[in-house]
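**Student:** Got a file for you: protein-v3.cif, mmCIF, C-alpha atoms.
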```cif
data_run
#
loop_
_atom_site.label_atom_id
_atom_site.label_comp_id
_atom_site.auth_asym_id
_atom_site.auth_seq_id
_atom_site.Cartn_x
_atom_site.Cartn_y
_atom_site.Cartn_z
CA MET A 133 -7.18 9.53 19.47
CA ALA A 134 -4.10 7.87 18.03
CA LEU A 135 -2.08 11.03 17.35
CA PHE A 136 1.19 10.84 19.27
CA LYS A 137 4.89 11.53 19.58
CA ILE A 138 7.78 9.14 20.30
CA ASN A 139 11.07 10.58 21.53
CA ASN A 140 14.67 9.43 21.53
CA VAL A 141 14.63 7.03 18.58
CA LYS A 142 16.77 7.37 15.47
CA ILE A 143 16.62 5.49 12.18
CA SER A 144 20.24 4.44 11.64
CA GLY A 145 19.99 2.40 8.48
CA MET A 146 17.81 0.75 5.84
CA SER A 147 18.22 -2.14 3.42
CA ALA A 148 16.08 -4.13 1.00
CA CYS A 149 16.15 -7.53 -0.68
CA VAL A 150 14.10 -8.59 -3.69
CA PRO A 151 13.99 -11.87 -5.63
CA LYS A 152 16.14 -11.80 -8.77
CA THR A 153 13.37 -13.28 -10.94
CA THR A 154 11.50 -10.52 -12.72
CA GLU A 155 8.11 -10.79 -14.43
CA SER A 156 7.15 -8.13 -16.93
CA ASN A 157 3.53 -7.07 -17.41
CA TRP A 158 4.37 -6.02 -20.98
CA ASN A 159 4.81 -9.72 -21.84
CA HIS A 160 1.83 -10.93 -19.83
CA ALA A 161 0.70 -14.28 -21.20
CA ASN A 162 -2.95 -14.02 -20.12
CA LEU A 163 -3.79 -10.43 -21.07
CA SER A 164 -4.55 -8.85 -24.46
CA LYS A 165 -2.38 -5.94 -25.63
CA ASP A 166 -5.22 -3.49 -24.87
CA ALA A 167 -5.76 -4.96 -21.41
CA ILE A 168 -2.03 -4.69 -20.68
CA GLU A 169 -1.92 -1.04 -21.74
CA GLU A 170 -4.96 -0.17 -19.66
CA PHE A 171 -3.59 -2.02 -16.64
CA ILE A 172 -0.19 -0.33 -16.83
CA SER A 173 -1.73 3.09 -17.40
CA THR A 174 -4.00 2.70 -14.34
CA THR A 175 -1.61 1.01 -11.93
CA GLY A 176 1.84 2.07 -13.15
CA VAL A 177 3.14 -1.49 -12.56
CA GLU A 178 5.41 -2.70 -15.38
CA GLU A 179 7.57 -5.28 -13.63
CA ARG A 180 7.51 -7.28 -10.42
CA ARG A 181 9.99 -9.48 -8.57
CA ILE A 182 8.70 -12.96 -7.87
CA ALA A 183 9.93 -15.40 -5.21
CA ASP A 184 10.12 -19.03 -6.33
CA ALA A 185 8.28 -21.89 -4.63
CA LYS A 186 11.11 -22.52 -2.13
CA THR A 187 11.54 -18.89 -1.10
CA CYS A 188 9.65 -17.42 1.86
CA THR A 189 9.69 -14.01 3.47
CA SER A 190 12.37 -14.96 6.01
CA ASP A 191 14.65 -16.00 3.12
CA LEU A 192 14.41 -12.44 1.79
CA CYS A 193 14.51 -10.73 5.21
CA ILE A 194 17.60 -12.42 6.55
CA PRO A 195 19.99 -11.23 3.81
CA ALA A 196 18.52 -7.71 4.16
CA ALA A 197 19.08 -7.79 7.93
CA GLU A 198 22.58 -9.32 7.74
CA LYS A 199 23.74 -6.76 5.16
CA LEU A 200 22.41 -3.86 7.19
CA ILE A 201 23.93 -5.14 10.45
CA ASN A 202 27.24 -5.49 8.60
CA ASP A 203 27.07 -2.05 6.92
CA LEU A 204 26.31 -0.46 10.29
CA GLN A 205 28.99 -2.60 11.99
CA TRP A 206 26.54 -3.40 14.73
CA ASP A 207 27.21 -5.98 17.42
CA LYS A 208 24.30 -8.43 17.26
CA LYS A 209 24.32 -8.70 21.06
CA ASP A 210 23.05 -5.10 21.20
CA ILE A 211 19.85 -5.87 19.27
CA ASP A 212 17.12 -5.94 21.91
CA ILE A 213 14.04 -6.14 19.68
CA LEU A 214 12.99 -7.56 16.33
CA VAL A 215 9.54 -6.64 14.99
CA PHE A 216 8.48 -8.39 11.80
CA ILE A 217 5.66 -7.07 9.65
CA THR A 218 4.11 -9.60 7.30
CA GLN A 219 0.85 -11.05 6.09
CA THR A 220 2.69 -13.90 4.34
CA ALA A 221 4.60 -15.47 7.22
CA ASP A 222 6.70 -18.63 6.78
CA TYR A 223 4.24 -20.60 8.98
CA VAL A 224 0.78 -20.01 10.42
CA VAL A 225 2.37 -20.89 13.77
CA PRO A 226 4.97 -20.03 15.18
CA VAL A 227 5.90 -16.41 14.43
CA THR A 228 8.58 -15.93 11.80
CA SER A 229 10.34 -13.33 13.93
CA ALA A 230 11.31 -16.12 16.37
CA ILE A 231 12.75 -18.18 13.52
CA MET A 232 14.73 -15.14 12.35
CA GLN A 233 15.99 -14.39 15.89
CA ASP A 234 17.63 -17.80 15.75
CA LYS A 235 18.84 -17.68 12.13
CA LEU A 236 20.34 -14.23 12.61
CA GLY A 237 22.12 -15.35 15.77
CA LEU A 238 20.51 -12.67 17.93
CA SER A 239 20.54 -12.83 21.70
CA LYS A 240 17.95 -14.98 23.48
CA GLU A 241 17.09 -11.80 25.37
CA CYS A 242 15.83 -10.20 22.21
CA ILE A 243 12.10 -9.42 21.99
CA ALA A 244 10.64 -10.91 18.80
CA MET A 245 7.10 -10.50 17.50
CA ASP A 246 5.18 -10.51 14.23
CA ILE A 247 2.57 -7.91 13.35
CA PRO A 248 0.29 -9.20 10.58
CA LEU A 249 -0.70 -5.87 9.03
CA GLY A 250 -0.32 -5.14 5.32
CA CYS A 251 -0.34 -1.76 3.63
CA SER A 252 -0.30 0.18 6.93
CA GLY A 253 2.12 -2.30 8.52
CA TYR A 254 5.36 -0.35 8.19
CA ILE A 255 3.90 2.70 9.93
CA TYR A 256 2.28 0.61 12.68
CA GLY A 257 5.50 -1.40 13.05
CA LEU A 258 7.60 1.75 13.29
CA SER A 259 5.32 3.11 16.03
CA VAL A 260 5.47 -0.14 18.03
CA ILE A 261 9.23 -0.66 17.82
CA ALA A 262 10.08 3.01 18.40
CA SER A 263 7.67 3.10 21.32
CA MET A 264 9.28 0.07 22.98
CA ILE A 265 12.81 1.32 22.31
CA ASN A 266 11.97 4.67 23.92
CA SER A 267 9.86 3.53 26.86
CA CYS A 268 12.01 0.51 27.73
CA LYS A 269 15.31 2.22 26.85
CA LEU A 270 16.25 -0.63 24.54
CA LYS A 271 19.59 -0.12 22.85
CA LYS A 272 19.00 -1.20 19.25
CA GLY A 273 16.14 -2.69 17.23
CA LEU A 274 15.38 -4.15 13.84
CA LEU A 275 12.09 -3.50 12.05
CA LEU A 276 11.83 -6.15 9.35
CA VAL A 277 9.14 -6.17 6.69
CA GLY A 278 8.68 -9.07 4.30
CA GLU A 279 5.97 -10.05 1.85
CA THR A 280 5.45 -12.66 -0.84
CA PRO A 281 1.97 -11.64 -2.06
CA SER A 282 2.68 -13.31 -5.42
CA LYS A 283 1.90 -16.58 -3.60
CA THR A 284 -1.56 -15.37 -2.49
CA VAL A 285 -3.01 -14.37 -5.85
CA SER A 286 -4.74 -16.44 -8.52
CA PRO A 287 -2.75 -16.61 -11.77
CA ASN A 288 -6.08 -16.05 -13.53
CA ASP A 289 -7.12 -12.93 -11.66
CA LYS A 290 -6.17 -9.95 -13.82
CA SER A 291 -7.16 -7.52 -11.03
CA THR A 292 -4.51 -8.82 -8.62
CA GLN A 293 -1.91 -11.06 -10.24
CA PRO A 294 -0.17 -8.35 -12.34
CA LEU A 295 -0.20 -5.94 -9.40
CA PHE A 296 1.73 -7.65 -6.63
CA GLY A 297 5.45 -8.30 -6.22
CA ASP A 298 7.68 -9.70 -3.47
CA ALA A 299 10.24 -7.92 -1.29
CA ALA A 300 11.75 -7.62 2.18
CA CYS A 301 13.27 -4.62 3.96
CA ALA A 302 15.20 -3.99 7.16
CA THR A 303 15.20 -0.77 9.16
CA ALA A 304 17.70 -0.35 11.98
CA LEU A 305 16.71 1.87 14.90
CA GLU A 306 18.51 2.92 18.06
CA TYR A 307 17.86 4.77 21.27
CA VAL A 308 19.44 8.22 21.01
CA GLU A 309 18.67 10.72 23.78
CA GLY A 310 17.33 13.91 22.19
CA ALA A 311 16.70 12.47 18.72
CA PRO A 312 13.98 14.43 16.87
CA PRO A 313 10.58 12.99 17.87
CA MET A 314 8.73 10.69 15.50
CA LEU A 315 5.09 11.75 15.08
CA PHE A 316 2.24 9.37 14.26
CA GLN A 317 -1.45 9.24 13.36
CA LEU A 318 -2.98 5.76 13.16
CA GLY A 319 -6.52 4.64 12.38
CA THR A 320 -8.78 1.72 11.56
CA ASP A 321 -12.11 1.07 9.84
CA GLY A 322 -13.02 -2.58 10.12
CA SER A 323 -16.33 -2.05 8.30
CA GLY A 324 -14.20 -2.31 5.16
CA TYR A 325 -12.66 -5.66 6.10
CA GLU A 326 -14.00 -7.38 3.00
CA ALA A 327 -12.39 -4.93 0.56
CA ILE A 328 -9.09 -6.85 0.66
CA ILE A 329 -9.46 -10.40 1.95
CA ILE A 330 -8.41 -14.04 1.65
CA PRO A 331 -11.73 -15.60 2.74
CA ASP A 332 -10.67 -19.15 3.66
CA GLY A 333 -7.71 -20.48 5.62
CA GLY A 334 -8.27 -18.74 8.93
CA TYR A 335 -10.65 -20.06 11.57
CA ARG A 336 -13.80 -18.25 10.46
CA ASN A 337 -13.76 -20.38 7.26
CA MET A 338 -11.35 -23.27 7.74
CA VAL A 339 -9.88 -24.80 4.60
CA THR A 340 -12.07 -27.51 3.05
CA ALA A 341 -12.04 -29.09 -0.40
CA ASP A 342 -14.59 -26.43 -1.34
CA SER A 343 -12.03 -23.70 -0.62
CA LEU A 344 -9.92 -24.83 -3.53
CA ILE A 345 -12.70 -24.88 -6.11
CA GLU A 346 -12.02 -22.30 -8.80
CA VAL A 347 -14.93 -19.92 -9.36
CA GLU A 348 -15.35 -17.64 -12.35
CA TYR A 349 -16.34 -14.04 -11.67
CA GLU A 350 -17.27 -11.08 -13.88
CA GLY A 351 -14.67 -10.13 -16.44
CA GLY A 352 -13.24 -13.64 -16.81
CA ILE A 353 -11.60 -13.56 -13.39
CA ILE A 354 -11.03 -17.01 -11.88
CA ARG A 355 -10.14 -17.42 -8.23
CA ASN A 356 -10.60 -19.80 -5.28
CA LYS A 357 -11.35 -18.86 -1.67
CA CYS A 358 -7.76 -19.31 -0.53
CA GLN A 359 -6.67 -16.59 -2.94
CA LEU A 360 -6.66 -12.84 -2.49
CA PHE A 361 -9.75 -10.83 -3.36
CA LEU A 362 -9.35 -7.09 -3.83
CA ASP A 363 -12.23 -4.69 -4.53
CA GLY A 364 -10.41 -2.08 -6.61
CA MET A 365 -13.27 0.41 -6.52
CA ASP A 366 -13.76 0.31 -2.74
CA VAL A 367 -10.02 0.54 -2.09
CA PHE A 368 -9.69 3.49 -4.50
CA SER A 369 -12.66 5.26 -2.91
CA PHE A 370 -11.15 4.69 0.56
CA GLY A 371 -7.64 5.75 -0.47
CA ILE A 372 -8.53 9.06 -2.08
CA THR A 373 -10.70 10.13 0.86
CA GLN A 374 -8.87 8.74 3.91
CA VAL A 375 -5.25 9.41 2.98
CA PRO A 376 -5.50 13.20 2.61
CA LYS A 377 -7.42 13.22 5.94
CA THR A 378 -4.76 11.32 7.89
CA VAL A 379 -1.85 13.29 6.41
CA ASN A 380 -3.56 16.61 7.10
CA ALA A 381 -4.50 15.52 10.64
CA LEU A 382 -0.84 14.89 11.44
CA LEU A 383 0.41 18.08 9.74
CA ASN A 384 -2.19 20.20 11.54
CA GLN A 385 -1.81 18.63 14.99
CA TYR A 386 1.91 19.23 15.08
CA ASN A 387 2.03 22.40 12.97
CA ILE A 388 4.25 20.80 10.37
CA ASN A 389 4.92 23.03 7.40
CA LYS A 390 4.18 20.90 4.34
CA ASP A 391 6.65 22.94 2.28
CA GLU A 392 9.47 21.95 4.61
CA VAL A 393 8.84 18.23 4.15
CA ASP A 394 11.38 16.81 1.71
CA TYR A 395 9.61 13.60 0.70
CA PHE A 396 6.15 12.08 0.94
CA VAL A 397 6.45 8.32 0.64
CA PHE A 398 3.08 6.65 0.19
CA HIS A 399 2.21 2.96 0.16
CA GLN A 400 2.60 1.95 -3.49
CA ALA A 401 -0.93 0.78 -4.23
CA ASN A 402 -1.85 2.01 -7.67
CA MET A 403 -0.47 4.95 -9.66
CA MET A 404 -3.85 6.49 -10.48
CA MET A 405 -4.86 6.48 -6.81
CA ASN A 406 -1.48 7.74 -5.59
CA LYS A 407 -1.39 10.57 -8.13
CA MET A 408 -4.88 11.63 -7.10
CA ILE A 409 -3.84 11.61 -3.43
CA ALA A 410 -0.76 13.73 -4.25
CA LYS A 411 -2.95 16.14 -6.24
CA LYS A 412 -5.45 16.50 -3.38
CA LEU A 413 -2.61 17.24 -0.98
CA LYS A 414 -1.09 19.67 -3.52
CA LEU A 415 2.31 17.98 -3.44
CA PRO A 416 5.00 18.80 -6.01
CA GLU A 417 5.94 15.77 -8.12
CA GLU A 418 9.59 15.78 -7.15
CA LYS A 419 8.66 15.20 -3.50
CA VAL A 420 6.67 12.02 -4.21
CA PRO A 421 8.86 9.05 -5.21
CA TYR A 422 7.41 5.84 -6.68
CA SER A 423 8.65 2.27 -6.99
CA LEU A 424 5.49 0.84 -8.59
CA LYS A 425 7.03 0.64 -12.06
CA GLN A 426 9.81 -1.81 -11.18
CA PHE A 427 8.47 -3.59 -8.10
CA GLY A 428 4.66 -3.32 -8.10
CA ASN A 429 2.65 -3.46 -4.90
CA THR A 430 4.78 -5.29 -2.31
CA SER A 431 2.20 -4.83 0.48
CA SER A 432 3.82 -3.75 3.79
CA ALA A 433 7.27 -3.44 2.19
CA THR A 434 6.39 -0.68 -0.30
CA ILE A 435 7.35 2.31 1.84
CA PRO A 436 10.86 1.20 2.88
CA LEU A 437 11.46 -0.37 -0.57
CA THR A 438 10.65 2.97 -2.23
CA MET A 439 13.03 4.76 0.13
CA VAL A 440 15.89 2.30 -0.48
CA SER A 441 15.41 1.97 -4.24
CA GLN A 442 14.58 5.59 -5.10
CA LEU A 443 16.27 7.70 -2.41
CA LYS A 444 19.50 5.83 -1.66
CA GLU A 445 21.75 8.82 -2.42
CA LYS A 446 19.54 11.19 -0.43
CA LEU A 447 19.20 9.17 2.78
CA GLY A 448 22.70 10.06 4.01
CA SER A 449 21.83 13.75 4.44
CA ASN A 450 19.19 15.49 6.58
CA ASN A 451 15.64 14.80 5.50
CA LYS A 452 12.09 15.31 6.68
CA PHE A 453 9.72 12.55 5.65
CA ILE A 454 5.99 12.03 5.71
CA LEU A 455 5.35 8.29 5.33
CA CYS A 456 1.80 7.00 4.83
CA GLY A 457 0.52 3.44 4.58
CA PHE A 458 -3.16 2.63 3.95
CA GLY A 459 -5.23 -0.34 2.87
CA VAL A 460 -6.06 -3.82 4.10
CA GLY A 461 -8.11 -3.89 7.29
CA LEU A 462 -9.02 -1.19 6.50
CA SER A 463 -6.11 0.35 8.34
CA TRP A 464 -3.94 3.41 7.88
CA GLY A 465 -1.06 5.26 9.44
CA THR A 466 0.97 8.39 8.81
CA ALA A 467 4.39 9.12 10.31
CA TYR A 468 6.57 12.22 10.30
CA VAL A 469 10.24 11.35 10.66
CA GLU A 470 13.35 13.56 10.58
CA THR A 471 16.42 11.61 9.54
CA SER A 472 20.12 12.30 9.26
CA GLY A 473 23.03 10.14 8.21
CA VAL A 474 20.88 7.07 7.44
CA VAL A 475 23.09 4.28 6.09
CA CYS A 476 21.41 2.79 3.04
CA SER A 477 22.64 -0.60 1.85
CA ASP A 478 22.78 -1.53 -1.83
CA LEU A 479 19.65 -3.38 -2.99
CA ILE A 480 20.12 -7.15 -2.67
CA GLU A 481 18.85 -9.54 -5.32
CA TYR A 482 18.13 -12.99 -3.94
CA GLU A 483 18.34 -16.23 -5.91
CA MET B 265 -23.86 20.57 -0.27
CA ALA B 266 -27.27 21.23 -1.91
CA GLN B 267 -28.90 18.60 -4.08
CA ILE B 268 -27.78 18.66 -7.71
CA THR B 269 -29.79 18.30 -10.90
CA SER B 270 -29.65 15.21 -13.09
CA GLU B 271 -28.50 17.44 -15.97
CA ASP B 272 -25.54 18.65 -13.93
CA PHE B 273 -24.57 15.07 -13.06
CA LEU B 274 -25.03 13.93 -16.67
CA GLU B 275 -22.64 16.65 -17.90
CA LYS B 276 -20.01 15.72 -15.31
CA PHE B 277 -20.46 12.02 -16.14
CA LYS B 278 -19.97 12.68 -19.85
CA GLY B 279 -16.82 14.62 -18.96
CA ILE B 280 -14.95 11.52 -17.79
CA PHE B 281 -15.11 9.94 -21.26
CA GLU B 282 -12.53 10.80 -23.89
CA ASP B 283 -13.49 8.70 -26.92
CA THR B 284 -17.28 8.55 -26.65
CA ASP B 285 -19.73 10.88 -28.45
CA PRO B 286 -21.47 12.78 -25.59
CA ALA B 287 -24.78 12.62 -27.49
CA THR B 288 -24.84 8.85 -26.96
CA ILE B 289 -24.82 9.22 -23.17
CA GLN B 290 -28.19 9.97 -21.61
CA SER B 291 -29.77 9.36 -18.21
CA ASP B 292 -31.21 6.06 -19.39
CA THR B 293 -27.93 4.83 -20.91
CA VAL B 294 -26.71 1.47 -19.56
CA PHE B 295 -23.25 2.83 -18.89
CA LYS B 296 -21.48 -0.53 -18.54
CA GLU B 297 -22.39 -1.25 -22.17
CA LEU B 298 -20.55 1.80 -23.47
CA ASP B 299 -17.48 0.74 -25.49
CA GLU B 300 -15.20 2.98 -23.46
CA TRP B 301 -16.47 1.73 -20.06
CA SER B 302 -13.78 -0.18 -18.15
CA SER B 303 -12.52 -0.69 -14.61
CA MET B 304 -10.34 2.39 -15.09
CA MET B 305 -13.43 4.44 -16.03
CA ALA B 306 -15.06 3.22 -12.79
CA LEU B 307 -12.12 4.71 -10.88
CA SER B 308 -12.42 7.96 -12.88
CA LEU B 309 -16.10 8.09 -11.90
CA ILE B 310 -15.23 7.64 -8.20
CA ALA B 311 -12.59 10.39 -8.55
CA MET B 312 -15.08 12.71 -10.24
CA ALA B 313 -17.73 12.20 -7.50
CA ASP B 314 -15.11 12.96 -4.89
CA GLU B 315 -13.76 16.06 -6.64
CA GLU B 316 -17.05 17.56 -7.82
CA TYR B 317 -19.44 16.58 -5.02
CA ASN B 318 -17.17 15.57 -2.13
CA ILE B 319 -18.95 12.22 -1.79
CA LYS B 320 -17.67 8.65 -1.67
CA LEU B 321 -18.98 6.25 -4.31
CA SER B 322 -18.41 2.61 -3.36
CA GLY B 323 -17.89 -0.47 -5.51
CA GLU B 324 -21.41 -1.52 -4.53
CA ASP B 325 -22.85 1.82 -5.75
CA ILE B 326 -21.37 1.18 -9.20
CA ARG B 327 -22.12 -2.55 -9.30
CA GLY B 328 -25.71 -1.90 -8.16
CA SER B 329 -26.38 0.77 -10.83
CA VAL B 330 -27.52 -0.01 -14.36
CA THR B 331 -28.19 3.42 -15.92
CA VAL B 332 -26.54 6.81 -15.54
CA GLY B 333 -29.78 7.83 -13.82
CA ASP B 334 -29.23 5.10 -11.19
CA LEU B 335 -25.78 6.53 -10.47
CA PHE B 336 -27.27 10.02 -10.16
CA GLY B 337 -29.80 8.64 -7.65
CA ARG B 338 -27.03 7.19 -5.50
CA VAL B 339 -24.98 10.40 -5.63
CA ASN B 340 -28.03 12.48 -4.72
CA ASN B 341 -28.83 10.23 -1.75
CA LYS B 342 -25.37 10.79 -0.36
CA LEU B 343 -25.74 14.55 -0.69
CA SER B 344 -28.95 14.69 1.33
#
```
Now, as a test, write the supplied structure out as structure tokens.
**Tutor:**
Amino acid sequence: MALFKINNVKISGMSACVPKTTESNWNHANLSKDAIEEFISTTGVEERRIADAKTCTSDLCIPAAEKLINDLQWDKKDIDILVFITQTADYVVPVTSAIMQDKLGLSKECIAMDIPLGCSGYIYGLSVIASMINSCKLKKGLLLVGETPSKTVSPNDKSTQPLFGDAACATALEYVEGAPPMLFQLGTDGSGYEAIIIPDGGYRNMVTADSLIEVEYEGGIIRNKCQLFLDGMDVFSFGITQVPKTVNALLNQYNINKDEVDYFVFHQANMMMNKMIAKKLKLPEEKVPYSLKQFGNTSSATIPLTMVSQLKEKLGSNNKFILCGFGVGLSWGTAYVETSGVVCSDLIEYE
Amino acid sequence: MAQITSEDFLEKFKGIFEDTDPATIQSDTVFKELDEWSSMMALSLIAMADEEYNIKLSGEDIRGSVTVGDLFGRVNNKLS
């Protein structure tokens, strides 16, 4: 069972970078006033940041990483590992982490890998990088997360297009003997793989001319097979049942007192779902920050983006976090992390 | 949990609506034709089934149902 502890790893700093261009759902060109109000009241998403055609995830990640390295006054030579979480990589092949190793001027002895998970990606990524830092006694590592989901959605799909925004985040970690252990619970249910899917473009359904044909679905939704499909009902049903289970499993296994946790940062999927999850877990409102309103659903970047944008002033002191990502795969992960003196860079806006 | 009655389910189903006259909702009502029905109401229905009956309604359960009675049938199946 994937319930485990990782010792000797500290989060030293966090940063985030978002595109400067903002789209507001209040002014949405394709939705009626009633549809806009219903959408915002269900999802909580009012604005999103959108990368332009020339901007990819590495373009957002690199400024986030450079700023953080600078704010921490780290020597790049000490960075032994770079893990990059994304489902919207610069290229299908090769991994974007290799491109960033070069662009950031990191050592050629740095481990670099991509992990193509979405909503659960930050938690999975944290477990992988922390695990390698601890077991291999690596000095320092960078966990980068970058997503441009705005490029995957159909402009005529009102169930997805107004939901997703773009962002990148950097988390700096280091080996520190005796650091409070990070605790994790990870899980998977591949029977739900069709709940969030881009059907064509992989090798199961290679791209053909047919892939680009626009098809109209119920409710006036128009989409082709290279664009993201999201079954809102299935994802909601999964979220409200699985998330309380995974959080409680971690709390119970390690006897964590819920009242002593300072913040519960959930993947920013949908306000109605997240509020229901918080209600089921009986969490006070002030312990559950959101970034849905200004940034929307930024896929794997939502958890660190929420921490950087909503908790900047708090990160410098001692905090106990429960972080939980859940969604595409279906995949989920919960982490318990105790932090102190985390350097939090100012949010970067990229043009 | 024991099986529930269709009356019990009907009452809980009516409870998720705010602007609809409860008298217009019966077991044979085609719920997707109700003015107030929307994708948000579908999520409220899923939430209600989870809270009241501790069962998971899927997108397919809702798409595959026409009347309130059909929904009750699906909920009941999951309880048995």
**Student:** For the file shown, what are the residues hit by the PyMOL selection byres ((chain A) within 8 of (chain B)), laid out as number ranges by chain?
**Tutor:** A: 170, 174, 363-366, 368-370, 372-373, 408
**Student:** Identify all residues satisfying the PyMOL selection byres ((chain A and resi 390-396) around 6) in the given file; provide them as JSON, numbers by chain.
**Tutor:** {"A": [389, 397, 419, 420, 452, 453, 454, 455]}
**Student:** So that I can see what lies close to Ile247 (chain A), please list as an mmCIF file with C-alpha atoms, in the coordinates of the input the residues with an atom at most 9 Å from it, counting all atoms listed in the file and leaving out residues fewer than 2 positions away in the same chain.
**Tutor:**
```
data_model
loop_
_atom_site.group_PDB
_atom_site.id
_atom_site.type_symbol
_atom_site.label_atom_id
_atom_site.label_comp_id
_atom_site.auth_asym_id
_atom_site.auth_seq_id
_atom_site.Cartn_x
_atom_site.Cartn_y
_atom_site.Cartn_z
ATOM 1 C CA VAL A 215 9.540 -6.640 14.990
ATOM 2 C CA PHE A 216 8.480 -8.390 11.800
ATOM 3 C CA ILE A 217 5.660 -7.070 9.650
ATOM 4 C CA THR A 218 4.110 -9.600 7.300
ATOM 5 C CA GLN A 219 0.850 -11.050 6.090
ATOM 6 C CA MET A 245 7.100 -10.500 17.500
ATOM 7 C CA LEU A 249 -0.700 -5.870 9.030
ATOM 8 C CA GLY A 250 -0.320 -5.140 5.320
ATOM 9 C CA GLY A 253 2.120 -2.300 8.520
ATOM 10 C CA TYR A 256 2.280 0.610 12.680
ATOM 11 C CA GLY A 257 5.500 -1.400 13.050
#
```
**Student:** Name the closest residue to Leu270 (chain A) among the candidates A:Asn406, A:Asn140, A:Gln359, A:Gln317; distances are taken between atoms, counting only C-alpha atoms.
**Tutor:**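 So, comparing all the options, the nearest one is A:Asn140.
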**Student:** Considering only C-alpha atoms, return as a ChimeraX atom specification whatever protein or nucleic-acid residues lie within 9 Å of region 192-195 of chain A, sequence-local ones (same chain, fewer than 6 positions apart) excluded.
**Tutor:** /A:148-151,183,232,235-236,276-279,298-302,480-482
**Student:** Ranking B:Val294, B:Asp299, B:Lys342, B:Ile289 by minimum distance to Glu271 (chain B) and counting all atoms listed in the file, which one comes first?
**Tutor:** B:Ile289
**Student:** Would you kindly translate the PyMOL selection byres ((chain B and resi 298) around 12) into the concrete residues it picks from this file, as a PyMOL selection string?
**Tutor:** chain B and resi 278+281+283-286+288-290+293-297+299-302+305+330-332
**Student:** So that I can see what lies close to Gln385 (chain A), please list as a ChimeraX atom specification the residues with an atom at most 12 Å from it, counting only C-alpha atoms and leaving out residues fewer than 2 positions away in the same chain.
**Tutor:** /A:133-137,315-317,377-383,387-389,468
**Student:** Could you check how far CA of Ile182 (chain A) sits from CA of Thr430 (chain A), in Å to one decimal?
**Tutor:**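 Taking CA of Ile182 (chain A) and CA of Thr430 (chain A), their separation equals 10.3 Å.
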**Student:** Contacts of Ile268 (chain B) at 10 Å or less, counting only C-alpha atoms, minus same-chain residues fewer than 5 places along, as a list of chain:residue names?
**Tutor:**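 Within the cut-off, the hits are B:Phe273, B:Tyr317, B:Phe336, B:Val339, B:Asn340, B:Leu343, B:Ser344.
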**Student:** Taking all atoms listed in the file into account, name the residue in A:Leu413, A:Met405, A:Val224, A:Val475 that is nearest to Gly333 (chain A).
**Tutor:** A:Val224
**Student:** Quick one: pull the distance between CA of Asn356 (chain A) and CA of Ser343 (chain A), Å, one decimal.
**Tutor:** 6.2 Å
**Student:** Would you please work out which residue, of A:Thr466, A:Thr175, A:Thr228, A:Gln442, is nearest to Gln400 (chain A) when using only C-alpha atoms?
**Tutor:**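 Smallest separation from Gln400 (chain A) among the options: A:Thr175.
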**Student:** Measure the distance from CA of Ser267 (chain A) to CA of Cys242 (chain A) in Å and round it to one decimal.
**Tutor:**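 Distance reported for this atom pair: 15.7 Å.
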